[in-house]
>>> print(open('work_27.pdb').read())   # PDB, C-alpha atoms
ATOM      1  CA  MET S   1       0.000   0.000   0.000
ATOM      2  CA  GLU S   2       2.863   2.409   0.739
ATOM      3  CA  PHE S   3       4.340   1.921  -2.714
ATOM      4  CA  TRP S   4       0.888   2.606  -4.139
ATOM      5  CA  MET S   5       0.836   5.947  -2.298
ATOM      6  CA  LEU S   6       4.378   6.818  -3.363
ATOM      7  CA  HIS S   7       3.674   5.992  -6.989
ATOM      8  CA  GLY S   8       0.540   8.149  -6.795
ATOM      9  CA  ILE S   9       2.634  11.063  -5.532
ATOM     10  CA  GLN S  10       5.025  10.525  -8.455
ATOM     11  CA  GLN S  11       2.166  11.542 -10.771
ATOM     12  CA  LEU S  12       2.435  15.100  -9.368
ATOM     13  CA  HIS S  13       5.895  15.717 -10.839
ATOM     14  CA  THR S  14       6.457  18.798 -12.985
ATOM     15  CA  PRO S  15       9.790  20.505 -13.710
ATOM     16  CA  VAL S  16       8.870  23.470 -11.491
ATOM     17  CA  LEU S  17       7.633  21.306  -8.611
ATOM     18  CA  ASP S  18      10.746  19.125  -8.924
ATOM     19  CA  GLU S  19      12.958  22.167  -8.306
ATOM     20  CA  ILE S  20      10.787  23.400  -5.438
ATOM     21  CA  MET S  21      10.844  19.999  -3.699
ATOM     22  CA  LYS S  22      14.618  19.687  -4.120
ATOM     23  CA  ALA S  23      15.034  23.133  -2.528
ATOM     24  CA  VAL S  24      12.588  22.337   0.282
ATOM     25  CA  THR S  25      14.269  19.042   1.119
ATOM     26  CA  PHE S  26      17.666  20.798   1.092
ATOM     27  CA  LEU S  27      16.450  22.940   4.005
ATOM     28  CA  GLY S  28      16.020  19.740   6.013
ATOM     29  CA  ASN S  29      19.434  18.250   5.181
ATOM     30  CA  HIS S  30      21.205  17.484   8.462
ATOM     31  CA  GLY S  31      18.829  19.929  10.177
ATOM     32  CA  TRP S  32      21.083  22.819   9.099
ATOM     33  CA  PHE S  33      18.233  25.291   8.554
ATOM     34  CA  TRP S  34      16.556  24.528  11.870
ATOM     35  CA  CYS S  35      19.853  24.577  13.796
ATOM     36  CA  SER S  36      20.791  27.899  12.190
ATOM     37  CA  LEU S  37      17.413  29.359  13.081
ATOM     38  CA  ALA S  38      17.639  28.073  16.670
ATOM     39  CA  PHE S  39      21.121  29.586  16.956
ATOM     40  CA  LEU S  40      19.866  32.971  15.758
ATOM     41  CA  LEU S  41      16.955  32.852  18.212
ATOM     42  CA  LEU S  42      19.413  32.529  21.107
ATOM     43  CA  PHE S  43      20.542  36.131  20.544
ATOM     44  CA  VAL S  44      17.107  37.676  21.139
ATOM     45  CA  LYS S  45      15.782  37.560  24.694
ATOM     46  CA  LYS S  46      12.180  37.176  23.532
ATOM     47  CA  THR S  47      13.032  34.082  21.441
ATOM     48  CA  ARG S  48      15.900  32.589  23.474
ATOM     49  CA  ARG S  49      13.696  30.027  25.198
ATOM     50  CA  ALA S  50      12.404  28.789  21.820
ATOM     51  CA  GLY S  51      15.971  28.403  20.539
ATOM     52  CA  VAL S  52      17.020  26.365  23.566
ATOM     53  CA  ILE S  53      13.957  24.125  23.320
ATOM     54  CA  MET S  54      14.548  23.628  19.591
ATOM     55  CA  PHE S  55      18.152  22.535  20.163
ATOM     56  CA  LEU S  56      17.156  20.217  22.994
ATOM     57  CA  ALA S  57      14.303  18.665  21.004
ATOM     58  CA  MET S  58      16.437  18.131  17.897
ATOM     59  CA  ALA S  59      19.223  16.579  19.976
ATOM     60  CA  MET S  60      16.848  14.170  21.718
ATOM     61  CA  GLY S  61      15.153  13.275  18.440
ATOM     62  CA  SER S  62      18.474  12.733  16.693
ATOM     63  CA  ILE S  63      19.726  10.383  19.376
ATOM     64  CA  ALA S  64      16.488   8.400  19.460
ATOM     65  CA  GLY S  65      15.845   8.404  15.721
ATOM     66  CA  LEU S  66      19.168   8.505  13.947
ATOM     67  CA  VAL S  67      21.461   6.802  16.449
ATOM     68  CA  ILE S  68      19.078   4.200  17.913
ATOM     69  CA  LEU S  69      16.041   3.566  15.678
ATOM     70  CA  LYS S  70      17.497   3.766  12.151
ATOM     71  CA  PRO S  71      20.110   1.029  12.706
ATOM     72  CA  LEU S  72      17.802  -0.995  14.970
ATOM     73  CA  VAL S  73      14.888  -1.066  12.499
ATOM     74  CA  GLY S  74      17.114  -1.186   9.403
ATOM     75  CA  ARG S  75      14.306  -0.403   6.986
ATOM     76  CA  LEU S  76      15.319  -0.202   3.348
ATOM     77  CA  ARG S  77      14.382   2.941   1.429
ATOM     78  CA  PRO S  78      11.830   2.854  -1.383
ATOM     79  CA  CYS S  79      14.454   4.079  -3.862
ATOM     80  CA  TRP S  80      16.616   1.065  -2.952
ATOM     81  CA  LEU S  81      13.744  -1.355  -3.518
ATOM     82  CA  ASP S  82      12.248   0.156  -6.692
ATOM     83  CA  SER S  83      14.672   1.576  -9.213
ATOM     84  CA  SER S  84      11.919   2.496 -11.692
ATOM     85  CA  VAL S  85      11.727   6.026 -10.239
ATOM     86  CA  THR S  86      14.529   8.390 -11.238
ATOM     87  CA  LEU S  87      15.851  10.198  -8.172
ATOM     88  CA  LEU S  88      16.218  13.968  -8.308
ATOM     89  CA  ILE S  89      18.661  14.020  -5.384
ATOM     90  CA  GLU S  90      21.603  11.869  -4.319
ATOM     91  CA  THR S  91      20.639   8.419  -3.122
ATOM     92  CA  PRO S  92      20.639   8.462   0.694
ATOM     93  CA  TRP S  93      23.090   6.067   2.314
ATOM     94  CA  ASP S  94      21.352   5.437   5.658
ATOM     95  CA  PHE S  95      18.214   3.483   6.526
ATOM     96  CA  SER S  96      14.730   4.855   6.031
ATOM     97  CA  PHE S  97      12.840   4.692   9.355
ATOM     98  CA  PRO S  98      12.276   7.229  10.806
ATOM     99  CA  SER S  99      12.647  10.216   8.504
ATOM    100  CA  GLY S 100      15.349  12.422  10.016
ATOM    101  CA  HIS S 101      14.269  15.400   7.906
ATOM    102  CA  THR S 102      10.728  15.128   9.265
ATOM    103  CA  MET S 103      11.849  14.490  12.833
ATOM    104  CA  ALA S 104      14.152  17.524  12.937
ATOM    105  CA  SER S 105      11.566  19.720  11.242
ATOM    106  CA  PHE S 106       8.779  18.980  13.703
ATOM    107  CA  ALA S 107      11.152  18.925  16.695
ATOM    108  CA  ALA S 108      12.029  22.517  15.735
ATOM    109  CA  ALA S 109       8.728  23.812  14.356
ATOM    110  CA  LEU S 110       6.517  22.831  17.284
ATOM    111  CA  PRO S 111       8.539  24.781  19.897
ATOM    112  CA  LEU S 112       8.419  27.756  17.531
ATOM    113  CA  PHE S 113       4.655  27.393  17.352
ATOM    114  CA  TRP S 114       4.201  27.051  21.117
ATOM    115  CA  GLU S 115       6.720  29.712  22.086
ATOM    116  CA  GLY S 116       5.566  32.057  19.323
ATOM    117  CA  ARG S 117       2.076  32.017  20.814
ATOM    118  CA  ARG S 118       3.485  32.439  24.307
ATOM    119  CA  GLU S 119       5.684  35.389  23.291
ATOM    120  CA  LYS S 120       3.065  36.980  21.025
ATOM    121  CA  ILE S 121       4.964  36.328  17.785
ATOM    122  CA  PRO S 122       1.963  35.025  15.841
ATOM    123  CA  PHE S 123       3.498  34.423  12.401
ATOM    124  CA  ILE S 124       6.581  32.360  13.229
ATOM    125  CA  GLY S 125       4.913  29.169  14.470
ATOM    126  CA  PRO S 126       2.439  28.604  11.633
ATOM    127  CA  ALA S 127       5.129  29.392   9.043
ATOM    128  CA  ALA S 128       7.483  26.876  10.702
ATOM    129  CA  LEU S 129       4.780  24.199  10.729
ATOM    130  CA  VAL S 130       4.013  24.756   7.046
ATOM    131  CA  LEU S 131       7.715  24.448   6.221
ATOM    132  CA  ALA S 132       8.004  21.287   8.358
ATOM    133  CA  ALA S 133       5.042  19.748   6.519
ATOM    134  CA  LEU S 134       6.544  20.684   3.138
ATOM    135  CA  ILE S 135       9.879  19.131   4.101
ATOM    136  CA  ALA S 136       8.085  15.960   5.211
ATOM    137  CA  PHE S 137       6.114  15.812   1.941
ATOM    138  CA  SER S 138       9.280  16.411  -0.093
ATOM    139  CA  ARG S 139      10.714  13.155   1.244
ATOM    140  CA  LEU S 140       7.759  11.265  -0.258
ATOM    141  CA  TYR S 141       7.807  13.280  -3.475
ATOM    142  CA  LEU S 142      11.520  12.557  -3.914
ATOM    143  CA  PHE S 143      10.897   8.811  -3.332
ATOM    144  CA  VAL S 144      13.393   8.444  -0.489
ATOM    145  CA  HIS S 145      10.958   7.613   2.353
ATOM    146  CA  PHE S 146       7.830   5.585   2.866
ATOM    147  CA  PRO S 147       4.780   7.344   4.363
ATOM    148  CA  THR S 148       5.249   5.475   7.652
ATOM    149  CA  ASP S 149       8.860   6.728   7.820
ATOM    150  CA  VAL S 150       7.551  10.283   7.607
ATOM    151  CA  LEU S 151       4.802   9.564  10.133
ATOM    152  CA  GLY S 152       7.378   8.032  12.485
ATOM    153  CA  GLY S 153       9.598  11.101  12.092
ATOM    154  CA  LEU S 154       6.655  13.384  12.813
ATOM    155  CA  VAL S 155       5.692  11.466  15.973
ATOM    156  CA  LEU S 156       9.304  11.314  17.166
ATOM    157  CA  GLY S 157       9.841  15.020  16.455
ATOM    158  CA  ALA S 158       6.613  15.985  18.202
ATOM    159  CA  GLY S 159       7.442  13.785  21.185
ATOM    160  CA  SER S 160      10.918  15.271  21.416
ATOM    161  CA  ALA S 161       9.501  18.804  21.205
ATOM    162  CA  TRP S 162       6.918  18.072  23.899
ATOM    163  CA  THR S 163       9.557  16.524  26.172
ATOM    164  CA  ALA S 164      11.963  19.423  25.650
ATOM    165  CA  GLU S 165       9.177  21.915  26.390
ATOM    166  CA  LYS S 166       8.337  20.098  29.633
ATOM    167  CA  MET S 167      12.012  19.888  30.622
ATOM    168  CA  MET S 168      12.443  23.627  30.053
ATOM    169  CA  GLY S 169       9.338  24.332  32.139
ATOM    170  CA  ARG S 170      10.672  22.238  35.020
ATOM    171  CA  PHE S 171      14.097  23.851  34.766
ATOM    172  CA  CYS S 172      12.556  27.328  34.923
ATOM    173  CA  ARG S 173      10.296  26.397  37.862
ATOM    174  CA  ALA S 174      13.295  24.897  39.698
ATOM    175  CA  GLY S 175      15.064  28.217  39.643
ATOM    176  CA  GLY S 176      16.922  28.043  36.357
ATOM    177  CA  ARG S 177      16.741  31.175  34.275
ATOM    178  CA  GLY S 178      15.678  29.644  30.944
ATOM    179  CA  GLU S 179      16.012  33.025  29.259
TER     180      GLU S 179
END
>>> encode(input="work_27.pdb", output="structure tokens")
Amino acid sequence: MEFWMLHGIQQLHTPVLDEIMKAVTFLGNHGWFWCSLAFLLLFVKKTRRAGVIMFLAMAMGSIAGLVILKPLVGRLRPCWLDSSVTLLIETPWDFSFPSGHTMASFAAALPLFWEGRREKIPFIGPAALVLAALIAFSRLYLFVHFPTDVLGGLVLGAGSAWTAEKMMGRFCRAGGRGE
């Protein structure tokens, strides 16, 4: 059924959309965009807490997803199993489950959403969530992840974000500055 979904998504390809999806997925490579954004947020008092939570969530998600789950599950990627689809990006070398792009994106975007509402920065959270969803979809469009890989990355990213948010709240209540 997952191949059926992926092959259905392949029907959406156009030259313009191909370039957009390659650019969108590039933003998720190694979490560089989200890490850069979190780093920049550390320099503004109003957004510092969000930056710290983003870093913490991405670190927890990376350890759980990339260090533990990927090698443990060892799921082969769709592009390794079906060579009928021409890849628009380099063939990934690591296992498929969970999607690291999706995990990092939601681990970063959800704290931005929560903290943006808390700090009265209304635009940043929804924009981050839209970008996270686009990055997740790009992994399906580019035929490098199964839908359940993306779903697993989303759940892991959201869980990491929630845990990091709770840890920051406890740290601040225990007398830590968290600013």
>>> resolve_selection(input="work_27.pdb", expression="the PyMOL selection byres ((chain S and resi 66) around 12)", output="compact mmCIF listing (two decimals) with C-alpha atoms, keeping the file's coordinate frame")
# COMPACT_ATOMS: atom_id res chain seq x y z
CA HIS S 30 21.20 17.48 8.46
CA MET S 58 16.44 18.13 17.90
CA ALA S 59 19.22 16.58 19.98
CA MET S 60 16.85 14.17 21.72
CA GLY S 61 15.15 13.28 18.44
CA SER S 62 18.47 12.73 16.69
CA ILE S 63 19.73 10.38 19.38
CA ALA S 64 16.49 8.40 19.46
CA GLY S 65 15.84 8.40 15.72
CA VAL S 67 21.46 6.80 16.45
CA ILE S 68 19.08 4.20 17.91
CA LEU S 69 16.04 3.57 15.68
CA LYS S 70 17.50 3.77 12.15
CA PRO S 71 20.11 1.03 12.71
CA LEU S 72 17.80 -1.00 14.97
CA VAL S 73 14.89 -1.07 12.50
CA GLY S 74 17.11 -1.19 9.40
CA ASP S 94 21.35 5.44 5.66
CA PHE S 95 18.21 3.48 6.53
CA SER S 96 14.73 4.86 6.03
CA PHE S 97 12.84 4.69 9.36
CA PRO S 98 12.28 7.23 10.81
CA SER S 99 12.65 10.22 8.50
CA GLY S 100 15.35 12.42 10.02
CA HIS S 101 14.27 15.40 7.91
CA THR S 102 10.73 15.13 9.26
CA MET S 103 11.85 14.49 12.83
CA ALA S 104 14.15 17.52 12.94
CA GLY S 152 7.38 8.03 12.48
CA GLY S 153 9.60 11.10 12.09
CA LEU S 156 9.30 11.31 17.17
CA GLY S 157 9.84 15.02 16.45
>>> resolve_selection(input="work_27.pdb", expression="the PyMOL selection byres ((chain S and resi 162-171) around 12)", output="ChimeraX atom specification")
/S:48-61,106-115,155-161,172-179
>>> closest_residue(input="work_27.pdb", among="S:Leu134, S:Leu154, S:Leu40, S:Leu140", to="S:Gln11", atoms="all atoms listed in the file")
S:Leu140
>>> residues_around(input="work_27.pdb", residues="S:Arg77", least_positions_apart="2", cutoff="9 Å", atoms="all atoms listed in the file", output="VMD selection string")
chain S and resid 75 79 to 82 92 94 to 97 143 to 146
>>> closest_residue(input="work_27.pdb", among="S:Leu88, S:Lys120, S:Ala128, S:Thr148", to="S:Ala23", atoms="all atoms listed in the file")
S:Leu88
>>> resolve_selection(input="work_27.pdb", expression="the PyMOL selection byres ((chain S and resi 25) around 9)", output="compact mmCIF listing (two decimals) with C-alpha atoms, keeping the file's coordinate frame")
# COMPACT_ATOMS: atom_id res chain seq x y z
CA ILE S 20 10.79 23.40 -5.44
CA MET S 21 10.84 20.00 -3.70
CA LYS S 22 14.62 19.69 -4.12
CA ALA S 23 15.03 23.13 -2.53
CA VAL S 24 12.59 22.34 0.28
CA PHE S 26 17.67 20.80 1.09
CA LEU S 27 16.45 22.94 4.00
CA GLY S 28 16.02 19.74 6.01
CA ASN S 29 19.43 18.25 5.18
CA HIS S 101 14.27 15.40 7.91
CA LEU S 134 6.54 20.68 3.14
CA ILE S 135 9.88 19.13 4.10
CA ALA S 136 8.09 15.96 5.21
CA PHE S 137 6.11 15.81 1.94
CA SER S 138 9.28 16.41 -0.09
CA ARG S 139 10.71 13.16 1.24
CA LEU S 142 11.52 12.56 -3.91
>>> atom_distance(input="work_27.pdb", atom1="atom CA of S:Glu2", atom2="atom CA of S:Pro147")
6.4 Å
>>> atom_distance(input="work_27.pdb", atom1="atom CA of S:Ser105", atom2="atom CA of S:Ala132")
4.8 Å
>>> atom_distance(input="work_27.pdb", atom1="atom CA of S:Gly116", atom2="atom CA of S:Thr47")
8.0 Å
>>> closest_residue(input="work_27.pdb", among="S:Tyr141, S:Ile89, S:Glu119, S:Leu41", to="S:His7", atoms="only C-alpha atoms")
S:Tyr141
>>> closest_residue(input="work_27.pdb", among="S:Arg118, S:Leu76, S:Phe123, S:Ser84", to="S:Asp149", atoms="only C-alpha atoms")
S:Leu76
>>> decode(input="work_27.pdb", residues="stretch 84-133 of chain S", atoms="N, CA and C atoms", output="PDB file, in the first residue's frame")
ATOM      1  N   SER S  84      12.647   1.966 -10.533  1.00  0.00           N
ATOM      2  CA  SER S  84      11.919   2.496 -11.692  1.00  0.00           C
ATOM      3  C   SER S  84      11.715   4.011 -11.610  1.00  0.00           C
ATOM      4  N   VAL S  85      11.897   4.583 -10.416  1.00  0.00           N
ATOM      5  CA  VAL S  85      11.727   6.026 -10.239  1.00  0.00           C
ATOM      6  C   VAL S  85      13.111   6.680 -10.272  1.00  0.00           C
ATOM      7  N   THR S  86      13.267   7.667 -11.142  1.00  0.00           N
ATOM      8  CA  THR S  86      14.529   8.390 -11.238  1.00  0.00           C
ATOM      9  C   THR S  86      14.617   9.391 -10.089  1.00  0.00           C
ATOM     10  N   LEU S  87      15.684   9.291  -9.311  1.00  0.00           N
ATOM     11  CA  LEU S  87      15.851  10.198  -8.172  1.00  0.00           C
ATOM     12  C   LEU S  87      16.338  11.561  -8.641  1.00  0.00           C
ATOM     13  N   LEU S  88      15.834  12.589  -8.000  1.00  0.00           N
ATOM     14  CA  LEU S  88      16.218  13.968  -8.308  1.00  0.00           C
ATOM     15  C   LEU S  88      17.322  14.465  -7.373  1.00  0.00           C
ATOM     16  N   ILE S  89      17.611  13.687  -6.348  1.00  0.00           N
ATOM     17  CA  ILE S  89      18.661  14.020  -5.384  1.00  0.00           C
ATOM     18  C   ILE S  89      19.581  12.814  -5.264  1.00  0.00           C
ATOM     19  N   GLU S  90      20.694  12.998  -4.548  1.00  0.00           N
ATOM     20  CA  GLU S  90      21.603  11.869  -4.319  1.00  0.00           C
ATOM     21  C   GLU S  90      20.899  10.776  -3.543  1.00  0.00           C
ATOM     22  N   THR S  91      21.223   9.541  -3.852  1.00  0.00           N
ATOM     23  CA  THR S  91      20.639   8.419  -3.122  1.00  0.00           C
ATOM     24  C   THR S  91      21.139   8.446  -1.680  1.00  0.00           C
ATOM     25  N   PRO S  92      20.214   8.473  -0.716  1.00  0.00           N
ATOM     26  CA  PRO S  92      20.639   8.462   0.694  1.00  0.00           C
ATOM     27  C   PRO S  92      21.362   7.159   1.024  1.00  0.00           C
ATOM     28  N   TRP S  93      22.278   7.228   1.965  1.00  0.00           N
ATOM     29  CA  TRP S  93      23.090   6.067   2.314  1.00  0.00           C
ATOM     30  C   TRP S  93      22.599   5.360   3.578  1.00  0.00           C
ATOM     31  N   ASP S  94      21.781   6.048   4.400  1.00  0.00           N
ATOM     32  CA  ASP S  94      21.352   5.437   5.658  1.00  0.00           C
ATOM     33  C   ASP S  94      19.951   4.853   5.519  1.00  0.00           C
ATOM     34  N   PHE S  95      19.518   4.134   6.560  1.00  0.00           N
ATOM     35  CA  PHE S  95      18.214   3.483   6.526  1.00  0.00           C
ATOM     36  C   PHE S  95      17.085   4.504   6.530  1.00  0.00           C
ATOM     37  N   SER S  96      15.884   4.015   6.319  1.00  0.00           N
ATOM     38  CA  SER S  96      14.730   4.855   6.031  1.00  0.00           C
ATOM     39  C   SER S  96      13.907   5.278   7.249  1.00  0.00           C
ATOM     40  N   PHE S  97      13.745   4.398   8.233  1.00  0.00           N
ATOM     41  CA  PHE S  97      12.840   4.692   9.355  1.00  0.00           C
ATOM     42  C   PHE S  97      13.613   5.071  10.603  1.00  0.00           C
ATOM     43  N   PRO S  98      13.243   6.205  11.197  1.00  0.00           N
ATOM     44  CA  PRO S  98      12.276   7.229  10.806  1.00  0.00           C
ATOM     45  C   PRO S  98      12.932   8.280   9.919  1.00  0.00           C
ATOM     46  N   SER S  99      12.118   9.135   9.335  1.00  0.00           N
ATOM     47  CA  SER S  99      12.647  10.216   8.504  1.00  0.00           C
ATOM     48  C   SER S  99      13.310  11.269   9.392  1.00  0.00           C
ATOM     49  N   GLY S 100      14.611  11.427   9.233  1.00  0.00           N
ATOM     50  CA  GLY S 100      15.349  12.422  10.016  1.00  0.00           C
ATOM     51  C   GLY S 100      14.968  13.841   9.642  1.00  0.00           C
ATOM     52  N   HIS S 101      14.698  14.073   8.356  1.00  0.00           N
ATOM     53  CA  HIS S 101      14.269  15.400   7.906  1.00  0.00           C
ATOM     54  C   HIS S 101      12.966  15.799   8.618  1.00  0.00           C
ATOM     55  N   THR S 102      12.025  14.861   8.646  1.00  0.00           N
ATOM     56  CA  THR S 102      10.728  15.128   9.265  1.00  0.00           C
ATOM     57  C   THR S 102      10.877  15.288  10.765  1.00  0.00           C
ATOM     58  N   MET S 103      11.655  14.423  11.388  1.00  0.00           N
ATOM     59  CA  MET S 103      11.849  14.490  12.833  1.00  0.00           C
ATOM     60  C   MET S 103      12.436  15.833  13.234  1.00  0.00           C
ATOM     61  N   ALA S 104      13.512  16.254  12.585  1.00  0.00           N
ATOM     62  CA  ALA S 104      14.152  17.524  12.937  1.00  0.00           C
ATOM     63  C   ALA S 104      13.219  18.699  12.680  1.00  0.00           C
ATOM     64  N   SER S 105      12.461  18.625  11.591  1.00  0.00           N
ATOM     65  CA  SER S 105      11.566  19.720  11.242  1.00  0.00           C
ATOM     66  C   SER S 105      10.469  19.918  12.278  1.00  0.00           C
ATOM     67  N   PHE S 106       9.851  18.837  12.713  1.00  0.00           N
ATOM     68  CA  PHE S 106       8.779  18.980  13.703  1.00  0.00           C
ATOM     69  C   PHE S 106       9.335  19.186  15.112  1.00  0.00           C
ATOM     70  N   ALA S 107      10.515  18.653  15.393  1.00  0.00           N
ATOM     71  CA  ALA S 107      11.152  18.925  16.695  1.00  0.00           C
ATOM     72  C   ALA S 107      11.458  20.409  16.829  1.00  0.00           C
ATOM     73  N   ALA S 108      11.721  21.082  15.721  1.00  0.00           N
ATOM     74  CA  ALA S 108      12.029  22.517  15.735  1.00  0.00           C
ATOM     75  C   ALA S 108      10.785  23.381  15.563  1.00  0.00           C
ATOM     76  N   ALA S 109       9.888  22.972  14.674  1.00  0.00           N
ATOM     77  CA  ALA S 109       8.728  23.812  14.356  1.00  0.00           C
ATOM     78  C   ALA S 109       7.725  23.885  15.504  1.00  0.00           C
ATOM     79  N   LEU S 110       7.508  22.800  16.201  1.00  0.00           N
ATOM     80  CA  LEU S 110       6.517  22.831  17.284  1.00  0.00           C
ATOM     81  C   LEU S 110       6.918  23.769  18.419  1.00  0.00           C
ATOM     82  N   PRO S 111       8.171  23.768  18.890  1.00  0.00           N
ATOM     83  CA  PRO S 111       8.539  24.781  19.897  1.00  0.00           C
ATOM     84  C   PRO S 111       8.362  26.207  19.376  1.00  0.00           C
ATOM     85  N   LEU S 112       8.635  26.424  18.100  1.00  0.00           N
ATOM     86  CA  LEU S 112       8.419  27.756  17.531  1.00  0.00           C
ATOM     87  C   LEU S 112       6.938  28.124  17.574  1.00  0.00           C
ATOM     88  N   PHE S 113       6.094  27.151  17.303  1.00  0.00           N
ATOM     89  CA  PHE S 113       4.655  27.393  17.352  1.00  0.00           C
ATOM     90  C   PHE S 113       4.206  27.713  18.784  1.00  0.00           C
ATOM     91  N   TRP S 114       4.610  26.853  19.724  1.00  0.00           N
ATOM     92  CA  TRP S 114       4.201  27.051  21.117  1.00  0.00           C
ATOM     93  C   TRP S 114       4.779  28.331  21.706  1.00  0.00           C
ATOM     94  N   GLU S 115       6.067  28.536  21.513  1.00  0.00           N
ATOM     95  CA  GLU S 115       6.720  29.712  22.086  1.00  0.00           C
ATOM     96  C   GLU S 115       6.314  30.993  21.366  1.00  0.00           C
ATOM     97  N   GLY S 116       6.036  30.892  20.068  1.00  0.00           N
ATOM     98  CA  GLY S 116       5.566  32.057  19.323  1.00  0.00           C
ATOM     99  C   GLY S 116       4.241  32.556  19.872  1.00  0.00           C
ATOM    100  N   ARG S 117       3.360  31.631  20.210  1.00  0.00           N
ATOM    101  CA  ARG S 117       2.076  32.017  20.814  1.00  0.00           C
ATOM    102  C   ARG S 117       2.293  32.600  22.201  1.00  0.00           C
ATOM    103  N   ARG S 118       3.201  31.994  22.936  1.00  0.00           N
ATOM    104  CA  ARG S 118       3.485  32.439  24.307  1.00  0.00           C
ATOM    105  C   ARG S 118       4.095  33.840  24.315  1.00  0.00           C
ATOM    106  N   GLU S 119       4.969  34.110  23.357  1.00  0.00           N
ATOM    107  CA  GLU S 119       5.684  35.389  23.291  1.00  0.00           C
ATOM    108  C   GLU S 119       5.022  36.394  22.355  1.00  0.00           C
ATOM    109  N   LYS S 120       3.833  36.071  21.897  1.00  0.00           N
ATOM    110  CA  LYS S 120       3.065  36.980  21.025  1.00  0.00           C
ATOM    111  C   LYS S 120       3.802  37.285  19.710  1.00  0.00           C
ATOM    112  N   ILE S 121       4.361  36.230  19.118  1.00  0.00           N
ATOM    113  CA  ILE S 121       4.964  36.328  17.785  1.00  0.00           C
ATOM    114  C   ILE S 121       4.105  35.414  16.899  1.00  0.00           C
ATOM    115  N   PRO S 122       2.969  35.904  16.439  1.00  0.00           N
ATOM    116  CA  PRO S 122       1.963  35.025  15.841  1.00  0.00           C
ATOM    117  C   PRO S 122       2.340  34.373  14.515  1.00  0.00           C
ATOM    118  N   PHE S 123       3.231  34.945  13.746  1.00  0.00           N
ATOM    119  CA  PHE S 123       3.498  34.423  12.401  1.00  0.00           C
ATOM    120  C   PHE S 123       4.519  33.296  12.362  1.00  0.00           C
ATOM    121  N   ILE S 124       5.435  33.263  13.334  1.00  0.00           N
ATOM    122  CA  ILE S 124       6.581  32.360  13.229  1.00  0.00           C
ATOM    123  C   ILE S 124       6.188  30.885  13.347  1.00  0.00           C
ATOM    124  N   GLY S 125       5.299  30.563  14.260  1.00  0.00           N
ATOM    125  CA  GLY S 125       4.913  29.169  14.470  1.00  0.00           C
ATOM    126  C   GLY S 125       4.189  28.549  13.296  1.00  0.00           C
ATOM    127  N   PRO S 126       3.117  29.190  12.791  1.00  0.00           N
ATOM    128  CA  PRO S 126       2.439  28.604  11.633  1.00  0.00           C
ATOM    129  C   PRO S 126       3.349  28.479  10.406  1.00  0.00           C
ATOM    130  N   ALA S 127       4.196  29.469  10.176  1.00  0.00           N
ATOM    131  CA  ALA S 127       5.129  29.392   9.043  1.00  0.00           C
ATOM    132  C   ALA S 127       6.082  28.208   9.218  1.00  0.00           C
ATOM    133  N   ALA S 128       6.578  28.000  10.431  1.00  0.00           N
ATOM    134  CA  ALA S 128       7.483  26.876  10.702  1.00  0.00           C
ATOM    135  C   ALA S 128       6.776  25.544  10.492  1.00  0.00           C
ATOM    136  N   LEU S 129       5.521  25.446  10.913  1.00  0.00           N
ATOM    137  CA  LEU S 129       4.780  24.199  10.729  1.00  0.00           C
ATOM    138  C   LEU S 129       4.506  23.914   9.254  1.00  0.00           C
ATOM    139  N   VAL S 130       4.211  24.945   8.482  1.00  0.00           N
ATOM    140  CA  VAL S 130       4.013  24.756   7.046  1.00  0.00           C
ATOM    141  C   VAL S 130       5.316  24.272   6.397  1.00  0.00           C
ATOM    142  N   LEU S 131       6.432  24.884   6.772  1.00  0.00           N
ATOM    143  CA  LEU S 131       7.715  24.448   6.221  1.00  0.00           C
ATOM    144  C   LEU S 131       8.022  23.008   6.636  1.00  0.00           C
ATOM    145  N   ALA S 132       7.769  22.663   7.890  1.00  0.00           N
ATOM    146  CA  ALA S 132       8.004  21.287   8.358  1.00  0.00           C
ATOM    147  C   ALA S 132       7.166  20.297   7.550  1.00  0.00           C
ATOM    148  N   ALA S 133       5.910  20.631   7.301  1.00  0.00           N
ATOM    149  CA  ALA S 133       5.042  19.748   6.519  1.00  0.00           C
ATOM    150  C   ALA S 133       5.544  19.627   5.076  1.00  0.00           C
TER     151      ALA S 133
END
